[in-house]
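Student: Following this message is one structure expressed as structure tokens.
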Amino acid sequence: MQSGASTDFSAGITAVLVDKIKGRPTWSPDKLSDVSDAIVRRFFDKDSGYLRAMPILTRPFLSNDKQNPMKFALPSEDAILQVIKSKAKGDPISLSDLVAHFDKLHSGKQGVEEKVLEVVRRMCDVTGYQGSEIVSWKQ
């Protein structure tokens, strides 16, 4: 595969995947000090044919306004606070229900339980109540 700007891509692929060499591939130029301004311009100059030929990359999860990129994140401290405070107005929320709520909300994403428990340890009081651990936000 040739881009026209450099042979280094195909040299690297061949060296690592085909020839499976142990050392460095044969780069051209082989030292950083030998990279000239002209070589750099081949890649990054606004008139570079190489640059114009490259596809424009976009993050697919941001291309649709209906999708929320935060769905990939762990729950925020503020989100945990909002759930605890909303439950405080009615029935109190148990620690197991709080964890289950965010686990379901984040589709079983790894680290959700640890994040919720870490926030609860720092910011909440946990008391026993009818066999459950009830969570309340420290004021």
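Going through the structure tokens in order, the chains are called A, B, and so on, while each chain numbers its residues from 1 and the ligands are numbered from 1 in the order shown.
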Taking 2 positions as the minimum chain separation for residues in the same chain, which residues sit within 10 Å of range 95-102 of chain A when counting only C-alpha atoms? Answer as an MDAnalysis selection string.
Tutor: chainID A and resid 74:75 79:80 83:84 87 92:93 104:109 112:117 120 126:127 132:136
Student: Go through A:Ile39, A:Glu77, A:Gly111, A:Pro29 and flag the residue nearest Trp137 in chain A, using only C-alpha atoms for the distances.
Tutor: A:Glu77
Student: Take CA of Val35 in chain A and CA of Asp8 in chain A and report the distance between them in Å, one decimal.
Tutor: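 A separation of 12.6 Å between them.
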Student: Among range 20-130 of chain A, which ones does DSSP assign to helix (DSSP H, G or I) (computed from the backbone)? Answer as number ranges by chain.
Tutor: A: 32-34, 37-44, 49-53, 60-62, 69-72, 77-88, 95-105, 112-123
Student: Can you write just those residues out, C-alpha atoms, as a short mmCIF file (atom, residue, chain, number, x, y, z; two decimals), in the first residue's frame?
Tutor:
```
data_model
loop_
_atom_site.label_atom_id
_atom_site.label_comp_id
_atom_site.auth_asym_id
_atom_site.auth_seq_id
_atom_site.Cartn_x
_atom_site.Cartn_y
_atom_site.Cartn_z
CA LEU A 32 15.14 11.98 12.74
CA SER A 33 17.93 14.46 12.10
CA ASP A 34 17.74 13.55 8.38
CA ASP A 37 11.35 20.43 5.98
CA ALA A 38 10.45 19.26 2.47
CA ILE A 39 9.61 15.78 3.77
CA VAL A 40 7.42 17.23 6.52
CA ARG A 41 5.63 19.47 3.98
CA ARG A 42 4.79 16.39 1.86
CA PHE A 43 2.61 15.25 4.74
CA PHE A 44 1.26 18.43 6.31
CA GLY A 49 -1.75 15.85 -2.33
CA TYR A 50 -1.23 13.27 0.37
CA LEU A 51 -3.21 15.32 2.88
CA ARG A 52 -6.03 16.01 0.41
CA ALA A 53 -6.31 12.30 -0.36
CA PRO A 60 -19.22 8.20 14.86
CA PHE A 61 -20.81 8.49 18.29
CA LEU A 62 -20.87 12.29 17.90
CA PRO A 69 -21.04 10.25 24.16
CA MET A 70 -21.28 10.23 27.97
CA LYS A 71 -22.96 6.84 27.74
CA PHE A 72 -19.42 5.47 27.49
CA GLU A 77 -20.66 12.13 41.28
CA ASP A 78 -23.43 14.59 40.43
CA ALA A 79 -25.57 11.86 38.82
CA ILE A 80 -25.17 9.67 41.91
CA LEU A 81 -26.09 12.64 44.13
CA GLN A 82 -29.24 13.33 42.10
CA VAL A 83 -30.48 9.74 42.48
CA ILE A 84 -29.80 9.69 46.22
CA LYS A 85 -31.47 13.08 46.77
CA SER A 86 -34.51 12.19 44.66
CA LYS A 87 -35.01 9.02 46.70
CA ALA A 88 -34.54 10.90 49.98
CA LEU A 95 -26.86 0.70 48.61
CA SER A 96 -27.66 -2.40 46.55
CA ASP A 97 -30.50 -0.58 44.72
CA LEU A 98 -28.22 2.39 44.02
CA VAL A 99 -25.54 0.17 42.51
CA ALA A 100 -28.17 -1.79 40.52
CA HIS A 101 -29.66 1.47 39.18
CA PHE A 102 -26.35 2.65 37.71
CA ASP A 103 -25.36 -0.82 36.58
CA LYS A 104 -28.58 -1.04 34.56
CA LEU A 105 -28.24 2.54 33.32
CA VAL A 112 -19.66 1.21 37.56
CA GLU A 113 -20.05 -0.56 40.89
CA GLU A 114 -16.57 0.51 41.99
CA LYS A 115 -17.28 4.14 41.05
CA VAL A 116 -20.61 4.21 42.90
CA LEU A 117 -19.09 2.61 46.00
CA GLU A 118 -16.15 5.03 45.94
CA VAL A 119 -18.47 8.04 45.83
CA VAL A 120 -20.68 6.58 48.56
CA ARG A 121 -17.63 5.99 50.81
CA ARG A 122 -16.54 9.62 50.46
CA MET A 123 -19.81 11.51 50.28
#
```
Student: Distance CA of Thr7 in chain A-CA of Thr26 in chain A, one decimal place?
Tutor: 9.8 Å
